[in-house]
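Trainee: File target.csv below, CSV, C-alpha atoms and all ligand atoms:
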```
chain,number,residue,atom,x,y,z
A,1,MET,CA,-69.2,-20.4,-49.6
A,2,LEU,CA,-67.5,-17.6,-47.7
A,3,ILE,CA,-64.5,-17.6,-45.3
A,4,LEU,CA,-63.9,-14.7,-42.9
A,5,VAL,CA,-60.3,-13.8,-42.2
A,6,THR,CA,-59.0,-11.6,-39.4
A,7,ASN,CA,-55.8,-11.2,-37.3
A,8,ASP,CA,-54.2,-9.2,-34.5
A,9,ASP,CA,-51.1,-8.1,-36.3
A,10,GLY,CA,-53.0,-5.6,-38.4
A,11,ILE,CA,-54.3,-5.3,-42.0
A,12,ASN,CA,-50.8,-4.9,-43.4
A,13,ALA,CA,-49.3,-8.0,-41.8
A,14,PRO,CA,-47.7,-10.5,-44.3
A,15,GLY,CA,-49.4,-13.5,-42.4
A,16,LEU,CA,-52.9,-12.0,-43.2
A,17,LYS,CA,-52.1,-11.6,-46.8
A,18,ALA,CA,-50.6,-15.1,-47.2
A,19,LEU,CA,-53.6,-16.6,-45.4
A,20,SER,CA,-56.3,-14.8,-47.3
A,21,LEU,CA,-54.7,-15.7,-50.7
A,22,ALA,CA,-54.3,-19.4,-49.7
A,23,LEU,CA,-57.9,-19.7,-48.6
A,24,ALA,CA,-59.1,-18.1,-51.8
A,25,SER,CA,-58.5,-21.5,-53.4
A,26,LEU,CA,-61.5,-22.8,-51.3
A,27,GLY,CA,-64.1,-20.1,-51.9
A,28,LYS,CA,-64.8,-16.4,-51.4
A,29,VAL,CA,-62.7,-14.7,-48.7
A,30,ALA,CA,-63.6,-11.6,-46.8
A,31,VAL,CA,-60.7,-9.8,-44.9
A,32,VAL,CA,-61.8,-7.7,-41.9
A,33,ALA,CA,-58.8,-6.8,-39.7
A,34,PRO,CA,-57.5,-4.2,-37.3
A,35,GLU,CA,-56.0,-1.1,-39.0
A,36,ARG,CA,-52.9,-1.4,-36.8
A,37,GLU,CA,-51.3,-4.1,-34.7
A,38,ARG,CA,-53.3,-5.2,-31.6
A,39,SER,CA,-51.2,-8.2,-30.4
A,40,ALA,CA,-51.9,-9.2,-26.8
A,41,ILE,CA,-55.2,-7.3,-26.8
A,42,GLY,CA,-56.9,-10.4,-25.6
A,43,HIS,CA,-60.7,-10.4,-26.1
A,44,GLY,CA,-61.0,-6.7,-25.7
A,45,ILE,CA,-63.9,-4.9,-27.5
A,46,THR,CA,-64.5,-1.2,-28.3
A,47,MET,CA,-67.5,0.2,-26.5
A,48,HIS,CA,-66.7,3.9,-25.9
A,49,LYS,CA,-65.9,5.2,-29.4
A,50,PRO,CA,-67.3,4.6,-32.9
A,51,LEU,CA,-65.8,1.9,-35.1
A,52,ARG,CA,-64.9,3.0,-38.6
A,53,ILE,CA,-64.0,0.9,-41.7
A,54,THR,CA,-61.6,1.7,-44.4
A,55,GLU,CA,-61.4,-0.2,-47.7
A,56,VAL,CA,-57.9,-1.2,-48.7
A,57,PRO,CA,-56.8,-2.7,-52.0
A,58,TRP,CA,-56.0,-6.4,-52.0
A,59,GLU,CA,-54.5,-8.9,-54.4
A,60,LYS,CA,-56.9,-10.6,-56.8
A,61,PRO,CA,-59.2,-12.5,-56.5
A,62,LEU,CA,-60.1,-10.7,-53.3
A,63,GLY,CA,-59.8,-7.1,-54.6
A,64,LYS,CA,-60.3,-5.4,-51.3
A,65,GLY,CA,-59.8,-5.8,-47.5
A,66,LEU,CA,-61.5,-3.9,-44.7
A,67,ALA,CA,-59.5,-2.2,-42.0
A,68,VAL,CA,-61.2,-1.5,-38.7
A,69,ASN,CA,-60.1,0.9,-35.9
A,70,GLY,CA,-60.8,-1.8,-33.4
A,71,THR,CA,-59.7,-5.1,-32.0
A,72,PRO,CA,-59.9,-8.6,-33.6
A,73,ALA,CA,-63.1,-9.4,-31.6
A,74,ASP,CA,-64.6,-6.1,-32.9
A,75,CYS,CA,-63.7,-7.1,-36.5
A,76,VAL,CA,-65.4,-10.5,-36.2
A,77,LYS,CA,-68.5,-8.9,-34.5
A,78,LEU,CA,-68.7,-6.2,-37.2
A,79,ALA,CA,-68.2,-8.7,-40.0
A,80,LEU,CA,-70.9,-11.2,-38.8
A,81,ASP,CA,-73.5,-8.6,-37.8
A,82,ALA,CA,-73.1,-5.9,-40.3
A,83,LEU,CA,-70.6,-6.4,-43.2
A,84,LEU,CA,-71.0,-9.9,-44.7
A,85,ASP,CA,-73.8,-10.8,-47.1
A,86,GLU,CA,-73.9,-14.4,-45.8
A,87,PRO,CA,-72.7,-16.2,-42.7
A,88,PRO,CA,-69.2,-17.5,-43.2
A,89,ALA,CA,-68.6,-21.2,-43.3
A,90,LEU,CA,-65.4,-20.6,-41.4
A,91,VAL,CA,-63.6,-17.9,-39.4
A,92,VAL,CA,-59.8,-18.0,-39.5
A,93,SER,CA,-57.6,-15.6,-37.4
A,94,GLY,CA,-53.9,-15.3,-38.3
A,95,ILE,CA,-51.5,-16.2,-39.4
A,96,ASN,CA,-49.9,-14.6,-36.4
A,97,TRP,CA,-46.3,-13.5,-36.4
A,98,GLY,CA,-45.1,-15.8,-33.5
A,99,GLU,CA,-46.5,-18.7,-31.6
A,100,ASN,CA,-49.7,-18.7,-29.4
A,101,VAL,CA,-49.2,-21.6,-27.0
A,102,GLY,CA,-50.0,-22.5,-23.4
A,103,THR,CA,-51.4,-19.8,-21.1
A,104,ASP,CA,-50.5,-17.1,-23.7
A,105,VAL,CA,-53.7,-17.9,-25.5
A,106,LEU,CA,-55.5,-16.0,-22.8
A,107,TYR,CA,-53.7,-12.8,-23.9
A,108,SER,CA,-53.8,-13.5,-27.6
A,109,GLY,CA,-55.7,-11.3,-30.0
A,110,THR,CA,-55.3,-13.9,-32.7
A,111,VAL,CA,-57.0,-16.6,-30.5
A,112,SER,CA,-59.7,-14.1,-29.6
A,113,GLY,CA,-60.6,-13.5,-33.2
A,114,ALA,CA,-61.4,-17.2,-33.4
A,115,ILE,CA,-63.1,-17.2,-30.0
A,116,GLU,CA,-65.5,-14.5,-31.2
A,117,GLY,CA,-66.3,-16.6,-34.3
A,118,CYS,CA,-66.9,-19.6,-32.0
A,119,ILE,CA,-69.2,-17.6,-29.6
A,120,ASN,CA,-71.2,-16.7,-32.7
A,121,GLY,CA,-71.6,-20.4,-33.7
A,122,ARG,CA,-69.1,-20.4,-36.6
A,123,PRO,CA,-66.4,-23.0,-37.0
A,124,SER,CA,-63.2,-21.1,-36.1
A,125,LEU,CA,-59.4,-21.5,-36.2
A,126,ALA,CA,-56.6,-19.4,-34.8
A,127,VAL,CA,-53.3,-20.0,-36.7
A,128,SER,CA,-49.8,-18.9,-35.6
A,129,LEU,CA,-46.4,-19.3,-37.1
A,130,VAL,CA,-43.7,-20.4,-34.6
A,131,GLY,CA,-40.5,-18.3,-34.9
A,132,GLU,CA,-39.1,-14.9,-34.1
A,133,LYS,CA,-37.7,-13.3,-37.2
A,134,GLU,CA,-37.6,-13.6,-41.0
A,135,LEU,CA,-40.8,-15.6,-41.0
A,136,ASP,CA,-41.9,-17.3,-44.2
A,137,PHE,CA,-45.7,-17.9,-44.3
A,138,THR,CA,-45.7,-20.0,-47.4
A,139,PHE,CA,-46.0,-23.5,-46.0
A,140,ALA,CA,-48.2,-22.3,-43.0
A,141,ALA,CA,-50.7,-20.7,-45.4
A,142,CYS,CA,-50.8,-23.8,-47.6
A,143,PHE,CA,-51.3,-26.1,-44.6
A,144,THR,CA,-54.0,-23.8,-43.2
A,145,ALA,CA,-55.9,-24.1,-46.4
A,146,ARG,CA,-55.7,-27.9,-46.2
A,147,LEU,CA,-57.0,-27.8,-42.6
A,148,ALA,CA,-59.7,-25.2,-43.4
A,149,ARG,CA,-61.1,-27.5,-46.2
A,150,GLU,CA,-61.4,-30.4,-43.7
A,151,ILE,CA,-63.0,-28.2,-41.0
A,152,ILE,CA,-65.6,-26.9,-43.5
A,153,ARG,CA,-66.3,-30.4,-44.5
A,154,ARG,CA,-66.4,-32.0,-41.0
A,155,GLY,CA,-67.2,-29.1,-38.7
A,156,LEU,CA,-66.2,-28.6,-35.1
A,157,PRO,CA,-68.2,-29.4,-31.9
A,158,ALA,CA,-70.3,-26.4,-30.6
A,159,GLY,CA,-68.3,-24.1,-28.3
A,160,THR,CA,-65.0,-25.5,-29.7
A,161,LEU,CA,-62.3,-23.8,-31.7
A,162,LEU,CA,-58.9,-25.0,-33.0
A,163,ASN,CA,-55.7,-23.3,-32.0
A,164,VAL,CA,-53.0,-24.1,-34.5
A,165,ASN,CA,-49.2,-23.5,-34.2
A,166,ILE,CA,-47.1,-24.2,-37.3
A,167,PRO,CA,-43.2,-24.3,-37.1
A,168,CYS,CA,-41.6,-21.9,-39.5
A,169,LEU,CA,-39.8,-24.6,-41.4
A,170,PRO,CA,-39.8,-25.9,-45.0
A,171,GLU,CA,-42.5,-28.6,-45.4
A,172,GLU,CA,-39.9,-31.4,-45.6
A,173,GLU,CA,-38.4,-30.5,-42.2
A,174,ILE,CA,-41.7,-30.5,-40.3
A,175,LYS,CA,-41.9,-33.6,-38.2
A,176,GLY,CA,-45.6,-34.2,-38.4
A,177,ILE,CA,-48.9,-33.1,-36.7
A,178,ALA,CA,-49.6,-33.5,-33.0
A,179,ILE,CA,-53.0,-33.2,-31.3
A,180,THR,CA,-52.1,-31.4,-28.1
A,181,ARG,CA,-53.4,-29.8,-25.0
A,182,LEU,CA,-52.4,-26.3,-23.7
A,183,GLY,CA,-49.1,-26.3,-21.9
A,184,ARG,CA,-48.4,-23.8,-19.0
A,185,ARG,CA,-46.2,-20.8,-19.5
A,186,ARG,CA,-45.6,-17.7,-17.4
A,187,TYR,CA,-43.2,-14.9,-17.5
A,188,THR,CA,-40.7,-14.0,-14.8
A,189,ASN,CA,-39.2,-10.5,-14.1
A,190,THR,CA,-42.0,-9.1,-16.2
A,191,VAL,CA,-41.9,-5.6,-14.9
A,192,ASN,CA,-38.9,-3.5,-15.9
A,193,ARG,CA,-38.7,-0.3,-14.0
A,194,ARG,CA,-36.8,2.6,-15.6
A,195,LEU,CA,-36.5,6.3,-15.1
A,196,ASP,CA,-37.6,8.9,-17.7
A,197,PRO,CA,-35.5,11.9,-18.6
A,198,ARG,CA,-37.2,13.9,-15.8
A,199,GLY,CA,-36.4,11.3,-13.2
A,200,ARG,CA,-39.8,9.8,-12.9
A,201,ALA,CA,-40.3,6.0,-12.9
A,202,TYR,CA,-42.1,4.2,-15.7
A,203,TYR,CA,-42.6,0.5,-16.2
A,204,TRP,CA,-42.2,-1.7,-19.2
A,205,LEU,CA,-43.8,-5.2,-19.4
A,206,ALA,CA,-41.3,-7.8,-20.8
A,207,GLY,CA,-39.9,-10.8,-18.9
A,208,GLN,CA,-38.5,-14.2,-19.7
A,209,LYS,CA,-40.5,-17.2,-20.6
A,210,GLU,CA,-40.8,-19.9,-18.0
A,211,ASP,CA,-42.5,-23.1,-19.2
A,212,LEU,CA,-44.0,-25.0,-16.3
A,213,ASP,CA,-45.7,-27.7,-18.4
A,214,GLN,CA,-44.1,-28.5,-21.7
A,215,GLY,CA,-44.5,-32.3,-22.0
A,216,PRO,CA,-44.7,-34.0,-25.4
A,217,GLU,CA,-48.5,-33.9,-25.2
A,218,THR,CA,-48.6,-30.1,-24.9
A,219,ASP,CA,-48.6,-27.5,-27.6
A,220,ILE,CA,-45.3,-26.1,-26.2
A,221,GLY,CA,-43.7,-29.6,-26.4
A,222,ALA,CA,-45.0,-30.3,-29.9
A,223,VAL,CA,-43.7,-27.1,-31.5
A,224,SER,CA,-40.4,-27.4,-29.8
A,225,ARG,CA,-40.0,-30.8,-31.5
A,226,GLY,CA,-40.8,-29.2,-34.9
A,227,MET,CA,-44.4,-30.5,-35.1
A,228,ILE,CA,-47.5,-28.7,-36.1
A,229,SER,CA,-49.7,-28.5,-33.0
A,230,LEU,CA,-53.5,-28.7,-33.2
A,231,THR,CA,-55.2,-27.9,-29.8
A,232,PRO,CA,-59.0,-28.0,-29.6
A,233,LEU,CA,-60.1,-25.3,-27.1
A,234,GLN,CA,-63.5,-24.9,-25.5
A,235,LEU,CA,-65.2,-21.8,-24.4
A,236,ASP,CA,-66.4,-23.4,-21.1
A,237,LEU,CA,-63.7,-22.6,-18.5
A,238,THR,CA,-65.7,-24.2,-15.7
A,239,HIS,CA,-63.7,-26.5,-13.4
A,240,TYR,CA,-66.5,-29.1,-12.9
A,241,ALA,CA,-64.6,-31.4,-10.6
A,242,PHE,CA,-64.1,-28.6,-8.1
A,243,GLN,CA,-67.7,-27.6,-7.9
A,244,GLU,CA,-68.5,-30.2,-5.2
A,245,LYS,CA,-65.5,-29.3,-3.1
A,246,LEU,CA,-66.5,-25.6,-3.3
A,247,ARG,CA,-69.8,-26.5,-1.8
A,248,ALA,CA,-68.0,-27.3,1.5
A,249,TYR,CA,-67.1,-23.5,1.7
A,250,LEU,CA,-70.8,-22.5,1.7
A,251,PRO,CA,-71.7,-22.9,5.4
A,252,TYR,CA,-68.8,-20.6,6.3
A,253,LEU,CA,-69.9,-18.0,3.8
A,254,TRP,CA,-73.6,-17.7,4.8
A,255,PRO,CA,-74.1,-19.8,8.0
A,256,ASP,CA,-77.6,-18.7,8.9
A,257,GLN,CA,-79.4,-19.1,5.6
A,258,GLY,CA,-80.2,-22.8,5.9
A,259,ASN,CA,-81.0,-24.1,2.4
A,260,LYS,CA,-80.6,-20.9,0.6
A,261,TYR,CA,-77.1,-21.8,-0.7
A,262,ARG,CA,-77.3,-24.5,-3.3
A,301,MN,MN,-50.0,-10.8,-33.1
```
How does this structure look as C-alpha cells?
Ligand code: MN
Mentor:
Amino acid sequence: MLILVTNDDGINAPGLKALSLALASLGKVAVVAPERERSAIGHGITMHKPLRITEVPWEKPLGKGLAVNGTPADCVKLALDALLDEPPALVVSGINWGENVGTDVLYSGTVSGAIEGCINGRPSLAVSLVGEKELDFTFAACFTARLAREIIRRGLPAGTLLNVNIPCLPEEEIKGIAITRLGRRRYTNTVNRRLDPRGRAYYWLAGQKEDLDQGPETDIGAVSRGMISLTPLQLDLTHYAFQEKLRAYLPYLWPDQGNKYR
C-alpha cells in the first residue's frame, strides 16, 4: 500500500517532512514535491519547459524524496503517470504552512495537489495548519495519519476530495472536529502601488482579509473556534439550479435560430 505526498511549500518545508514521516506508520510513502515554494500557484501546470527530477535524501524509512521543477499539480501528474510503481491508495498534499479556507482554496497550490489526485481517481486530502508563525506540525501530522487511515479504509465519493484545516494548538486545546462548508473570503486593498528607484511604478499584491461568510458551519468559523475543519469539496463547479434561469437568456442571444439553442 502506497501513499503519495506532495505540497506547495516546497521539498524543504517542515510540514512535508512531518506529514511524510507520520504517514509512514500506515505504509510506503512516496514524496514528490516542488523544488521551491509554489504557494498560491493554484492549479497551474508546466507545459512550455521540461520537467526535471532531483533525488533528495530523506529520513528513514523513506530514504529519499523527489524534487520537481514544477507545480504541485505537475508533481502529482508525474508521480501517477511516470514515477510510481503502483497507483497510490491515497494522495495527501501538505501540511501547508497556513490555512486554506473559503475562497482561498481556488488559489491554493496545496488544494490543487489534492484536486489533481482526485481528477485521476485517487482518494485525496489537502491538509493545512492554521497559524502564522512558529508552527509546530506534530499534532497535525499525527491527526492526518489517523484521518488517512480512515479514508484508505472507507474511501471518498468519486470527484470528491477533503480539505482539512488543523489549528496549530496542542491536542488538549483543540475543541473538536467540525464538518464544514467553504466560507467566503476576499481581500481588500490588494494592490499596493510603489515606485522603484528609477521612479517607475510597480505593484505588489497583498491586502487585508475580509470574511464575508464565516458562520459556525463554515471552515473559517470552525478554525476560528479552535476546531479541526473537514470540508468535502467536489470538482463539479456547475450551478445546477441556475441552468433553467439561464435558459431564459437564450432567445436574446440567438433570436432567429428557432430550436437550435437547447
Ligand atoms: Mn503553501
Trainee: Please produce, as a tab-separated table, a per-residue contact table for chain A versus ligand MN 301 (chain A) (criterion: any atom at most 12 Å away, all atoms listed in the file considered), showing the nearest atom pair and its distance in Å to one decimal, sorted by chain then residue number.
Mentor:
```
residue	atom	partner	partner_atom	distance
A:Thr6	CA	A:MN301	MN	11.0
A:Asn7	CA	A:MN301	MN	7.2
A:Asp8	CA	A:MN301	MN	4.7
A:Asp9	CA	A:MN301	MN	4.3
A:Gly10	CA	A:MN301	MN	8.0
A:Ile11	CA	A:MN301	MN	11.3
A:Asn12	CA	A:MN301	MN	11.9
A:Ala13	CA	A:MN301	MN	9.2
A:Pro14	CA	A:MN301	MN	11.4
A:Gly15	CA	A:MN301	MN	9.7
A:Leu16	CA	A:MN301	MN	10.6
A:Ala33	CA	A:MN301	MN	11.7
A:Pro34	CA	A:MN301	MN	10.8
A:Arg36	CA	A:MN301	MN	10.5
A:Glu37	CA	A:MN301	MN	7.0
A:Arg38	CA	A:MN301	MN	6.7
A:Ser39	CA	A:MN301	MN	3.9
A:Ala40	CA	A:MN301	MN	6.8
A:Ile41	CA	A:MN301	MN	8.9
A:Gly42	CA	A:MN301	MN	10.2
A:Thr71	CA	A:MN301	MN	11.3
A:Pro72	CA	A:MN301	MN	10.2
A:Ser93	CA	A:MN301	MN	10.0
A:Gly94	CA	A:MN301	MN	7.9
A:Ile95	CA	A:MN301	MN	8.4
A:Asn96	CA	A:MN301	MN	5.0
A:Trp97	CA	A:MN301	MN	5.6
A:Gly98	CA	A:MN301	MN	7.0
A:Glu99	CA	A:MN301	MN	8.8
A:Asn100	CA	A:MN301	MN	8.7
A:Asp104	CA	A:MN301	MN	11.3
A:Val105	CA	A:MN301	MN	11.0
A:Tyr107	CA	A:MN301	MN	10.1
A:Ser108	CA	A:MN301	MN	7.2
A:Gly109	CA	A:MN301	MN	6.5
A:Thr110	CA	A:MN301	MN	6.2
A:Val111	CA	A:MN301	MN	9.5
A:Ser112	CA	A:MN301	MN	10.8
A:Gly113	CA	A:MN301	MN	10.9
A:Ala126	CA	A:MN301	MN	11.0
A:Val127	CA	A:MN301	MN	10.4
A:Ser128	CA	A:MN301	MN	8.5
A:Leu129	CA	A:MN301	MN	10.1
A:Val130	CA	A:MN301	MN	11.6
A:Glu132	CA	A:MN301	MN	11.7
```
Trainee: Fewer than 4 positions away in the same chain doesn't count, so skip those; otherwise give me all residues within 12 Å of Ser124 in chain A, counting all atoms listed in the file, as a VMD selection string.
Mentor: chain A and resid 3 to 6 76 88 to 94 110 to 120 144 147 to 148 151 to 152 155 to 164 232 to 235
Trainee: Calculated over all atoms listed in the file, which of the candidates A:Ala206, A:Val101, A:Val223, A:Leu21 has the smallest distance to Trp58 in chain A?
Mentor: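 Result for the nearest residue to Trp58 in chain A: A:Leu21.
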Trainee: May I have the residues within 12 Å of Ile179 in chain A as a PyMOL selection string, using only C-alpha atoms and disregarding those fewer than 2 positions away in the same chain?
Mentor: chain A and resi 162-165+176-177+181-182+216-223+227-233
Trainee: Work out how far CA of His48 in chain A is from CA of Leu78 in chain A, in Å to one decimal.
Mentor: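 These two atoms are separated by 15.3 Å.
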Trainee: With all atoms listed in the file as the atoms that count, which of A:Lys245, A:Ala201, A:Leu253, A:Tyr187 lies nearest to Thr103 in chain A?
Mentor: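 Answer, going by the shortest atom-to-atom distance: A:Tyr187.
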Trainee: Distance CA of Val31 in chain A-CA of Leu135 in chain A, one decimal place?
Mentor: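 Distance between the two atoms: 21.1 Å.
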Trainee: For range 82-93 of chain A, supply all heavy atoms and report the output as a JSON list (two decimals), keeping the file's coordinate frame.
Mentor:
```json
[["chain", "number", "residue", "atom", "x", "y", "z"],
["A", 82, "ALA", "N", -72.78, -7.02, -39.49],
["A", 82, "ALA", "CA", -73.10, -5.90, -40.30],
["A", 82, "ALA", "C", -72.47, -5.90, -41.72],
["A", 82, "ALA", "O", -73.00, -5.27, -42.62],
["A", 82, "ALA", "CB", -72.56, -4.60, -39.60],
["A", 83, "LEU", "N", -71.35, -6.59, -41.91],
["A", 83, "LEU", "CA", -70.60, -6.40, -43.20],
["A", 83, "LEU", "C", -70.81, -7.50, -44.19],
["A", 83, "LEU", "O", -70.80, -7.25, -45.38],
["A", 83, "LEU", "CB", -69.12, -6.22, -42.88],
["A", 83, "LEU", "CG", -68.76, -5.09, -41.91],
["A", 83, "LEU", "CD1", -67.27, -5.09, -41.63],
["A", 83, "LEU", "CD2", -69.20, -3.75, -42.49],
["A", 84, "LEU", "N", -70.94, -8.73, -43.72],
["A", 84, "LEU", "CA", -71.00, -9.90, -44.70],
["A", 84, "LEU", "C", -72.38, -10.11, -45.19],
["A", 84, "LEU", "O", -73.35, -9.96, -44.45],
["A", 84, "LEU", "CB", -70.41, -11.13, -44.01],
["A", 84, "LEU", "CG", -68.99, -11.04, -43.45],
["A", 84, "LEU", "CD1", -68.58, -12.38, -42.85],
["A", 84, "LEU", "CD2", -68.01, -10.59, -44.52],
["A", 85, "ASP", "N", -72.46, -10.52, -46.45],
["A", 85, "ASP", "CA", -73.80, -10.80, -47.10],
["A", 85, "ASP", "C", -74.31, -12.16, -46.65],
["A", 85, "ASP", "O", -75.50, -12.43, -46.77],
["A", 85, "ASP", "CB", -73.66, -10.77, -48.59],
["A", 85, "ASP", "CG", -73.22, -9.41, -49.08],
["A", 85, "ASP", "OD1", -73.56, -8.41, -48.39],
["A", 85, "ASP", "OD2", -72.53, -9.33, -50.11],
["A", 86, "GLU", "N", -73.41, -13.05, -46.22],
["A", 86, "GLU", "CA", -73.90, -14.40, -45.80],
["A", 86, "GLU", "C", -73.00, -14.83, -44.62],
["A", 86, "GLU", "O", -71.89, -14.33, -44.44],
["A", 86, "GLU", "CB", -73.67, -15.39, -46.97],
["A", 86, "GLU", "CG", -72.24, -15.43, -47.50],
["A", 86, "GLU", "CD", -72.03, -16.45, -48.63],
["A", 86, "GLU", "OE1", -72.21, -17.65, -48.38],
["A", 86, "GLU", "OE2", -71.69, -16.00, -49.75],
["A", 87, "PRO", "N", -73.53, -15.73, -43.78],
["A", 87, "PRO", "CA", -72.70, -16.20, -42.70],
["A", 87, "PRO", "C", -71.52, -16.99, -43.18],
["A", 87, "PRO", "O", -71.69, -17.82, -44.08],
["A", 87, "PRO", "CB", -73.66, -17.09, -41.86],
["A", 87, "PRO", "CG", -74.93, -17.18, -42.61],
["A", 87, "PRO", "CD", -74.84, -16.36, -43.85],
["A", 88, "PRO", "N", -70.32, -16.74, -42.66],
["A", 88, "PRO", "CA", -69.20, -17.50, -43.20],
["A", 88, "PRO", "C", -69.19, -18.94, -42.76],
["A", 88, "PRO", "O", -69.67, -19.27, -41.67],
["A", 88, "PRO", "CB", -67.98, -16.75, -42.53],
["A", 88, "PRO", "CG", -68.53, -16.10, -41.32],
["A", 88, "PRO", "CD", -69.96, -15.78, -41.61],
["A", 89, "ALA", "N", -68.69, -19.79, -43.62],
["A", 89, "ALA", "CA", -68.60, -21.20, -43.30],
["A", 89, "ALA", "C", -67.46, -21.46, -42.31],
["A", 89, "ALA", "O", -67.41, -22.50, -41.65],
["A", 89, "ALA", "CB", -68.33, -22.01, -44.60],
["A", 90, "LEU", "N", -66.54, -20.47, -42.22],
["A", 90, "LEU", "CA", -65.40, -20.60, -41.40],
["A", 90, "LEU", "C", -64.83, -19.25, -41.01],
["A", 90, "LEU", "O", -64.87, -18.33, -41.84],
["A", 90, "LEU", "CB", -64.30, -21.43, -42.11],
["A", 90, "LEU", "CG", -63.04, -21.83, -41.35],
["A", 90, "LEU", "CD1", -63.36, -22.93, -40.33],
["A", 90, "LEU", "CD2", -61.98, -22.35, -42.32],
["A", 91, "VAL", "N", -64.31, -19.11, -39.79],
["A", 91, "VAL", "CA", -63.60, -17.90, -39.40],
["A", 91, "VAL", "C", -62.15, -18.32, -39.12],
["A", 91, "VAL", "O", -61.92, -19.26, -38.36],
["A", 91, "VAL", "CB", -64.20, -17.26, -38.12],
["A", 91, "VAL", "CG1", -63.37, -16.06, -37.66],
["A", 91, "VAL", "CG2", -65.65, -16.85, -38.37],
["A", 92, "VAL", "N", -61.18, -17.66, -39.76],
["A", 92, "VAL", "CA", -59.80, -18.00, -39.50],
["A", 92, "VAL", "C", -59.06, -16.70, -39.07],
["A", 92, "VAL", "O", -59.17, -15.65, -39.72],
["A", 92, "VAL", "CB", -59.08, -18.53, -40.78],
["A", 92, "VAL", "CG1", -57.68, -19.03, -40.42],
["A", 92, "VAL", "CG2", -59.88, -19.67, -41.39],
["A", 93, "SER", "N", -58.35, -16.79, -37.95],
["A", 93, "SER", "CA", -57.60, -15.60, -37.40],
["A", 93, "SER", "C", -56.12, -15.93, -37.49],
["A", 93, "SER", "O", -55.65, -16.95, -36.99],
["A", 93, "SER", "CB", -58.04, -15.41, -35.96],
["A", 93, "SER", "OG", -57.39, -14.29, -35.42]]
```
